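Enquirer: Here it is, the structure in full.
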Amino acid sequence: MMSQLIEPGYPVALLSVVLAIVALVLQGYAYRARGRRLAQVAQDLQEAQRIARIGTVRWDFVRDEVVWSDEYARLLGLEPGGKMTGTQFTGMLLPEYVDRVVSSEESALQVSAETGKPARREIVYRVKSLDGRIMDVSALSELKADREGRPLYMLSTIRDVTEEMERQAELRKSESNLAGALRVAD
């Protein structure tokens with residue numbers, strides 16, 4: 001009698017709906033697991049940047065907008081998640097480094113325009129953080145221009161090398177003092 005109340009094909013349709021619901025639930029669990037893994041990878045990247053004292057910065061030349069990672073913000077006394085113009089960004093350079101840094105960017109952009117690929121640039125220079133500290137930084141960048149030579153973007157890793165530069169200066173001074181002492185002893 002019950003089987004007469006169920007239309008033909010109904011059990012198949014019901015089974016299809018149940019299977020679809022089960023598939024969606026399983027897909028939701030997998031999506032949340034991937035989200036947790038992605039969040040862990042992002043947290044690990046932030047920790048690695050903090051440990052290595054490396055931040056990242058991206059300059060969108062078309063929109064004239066510079067954005068940075070939280071570690072870059074911490075290193076330079078900037079607001080995490082903030083942004084600035086290219087003029088403000090370049091304004092953080094110590095004056096004696098502006099020409100050399102800008103020239104290295106122009107050279108990389110020219111290479112990019114000629115090759116159609118991002119061009120690599122490595123340079124060490126000094127900046128003044130917003131809290132007034134003078135820092136030595138090593139920048140490893142890729143710059144991209146279009147075929148007509150119009151700048152598109154620069155993506156850089158910036159590493160604080162201030163302590164390394166100070167140690168090198170101390171070592172040079174010690175070597176100079178030792179050389180002077182050896183001359184006197186002769």
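Identifiers in the structure tokens: chain A, B, ... in order shown; residue index from 1 per chain; ligand index from 1 in order shown.
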Fewer than 6 positions away in the same chain doesn't count, so skip those; otherwise give me all residues within 8 Å of A:Asp60, counting only C-alpha atoms, as a compact mmCIF listing (two decimals) with N, CA and C atoms, in the first residue's frame.
Expert:
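Contents of part-v1.txt, freshly written:
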```
# COMPACT_ATOMS: atom_id res chain seq x y z
N VAL A 66 51.77 52.79 -3.13
CA VAL A 66 52.74 51.88 -2.52
C VAL A 66 52.07 51.23 -1.31
N LEU A 152 54.97 49.79 -14.79
CA LEU A 152 53.75 49.16 -14.29
C LEU A 152 53.82 48.92 -12.79
N TYR A 153 54.85 48.21 -12.33
CA TYR A 153 54.96 47.94 -10.90
C TYR A 153 56.38 47.60 -10.49
N MET A 154 56.61 47.68 -9.19
CA MET A 154 57.84 47.21 -8.57
C MET A 154 57.44 46.40 -7.35
```
Enquirer: So which residues of stretch 24-174 of chain A fall under alpha helix (DSSP H) by DSSP, listed as a PyMOL selection string?
Expert: chain A and resi 24-52+70-76+86-90+95-115+162-174
Enquirer: Of the residues A:Leu178, A:Ala113, A:Met165, A:Ala52, which is the one nearest to A:Val137, using only C-alpha atoms?
Expert: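 Smallest distance to A:Val137 is found for A:Met165.
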Enquirer: Return the single residue from A:Gly81, A:Leu130, A:Trp68, A:Leu143 that is closest to A:Glu105, with distances computed using only C-alpha atoms.
Expert: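 The shortest atom-to-atom distance to A:Glu105 comes from A:Leu143.
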Enquirer: Could you tell me which of A:Ala48, A:Met92, A:Leu109, A:Met84 comes closest to A:Arg63 if we count only C-alpha atoms?
Expert: A:Met84
Enquirer: Rounded to one decimal in Å, what is the spacing between atom CA of A:Thr115 and atom CA of A:Val57?
Expert: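 Distance reported for this atom pair: 23.4 Å.
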Enquirer: Give me the residues within 10 Å of stretch 120-129 of chain A as a ChimeraX atom specification, counting only C-alpha atoms and dropping any in the same chain fewer than 3 places off.
Expert: /A:73-78,89-98,100-101,104-105,107-109,111-112,117,132-144,154-162
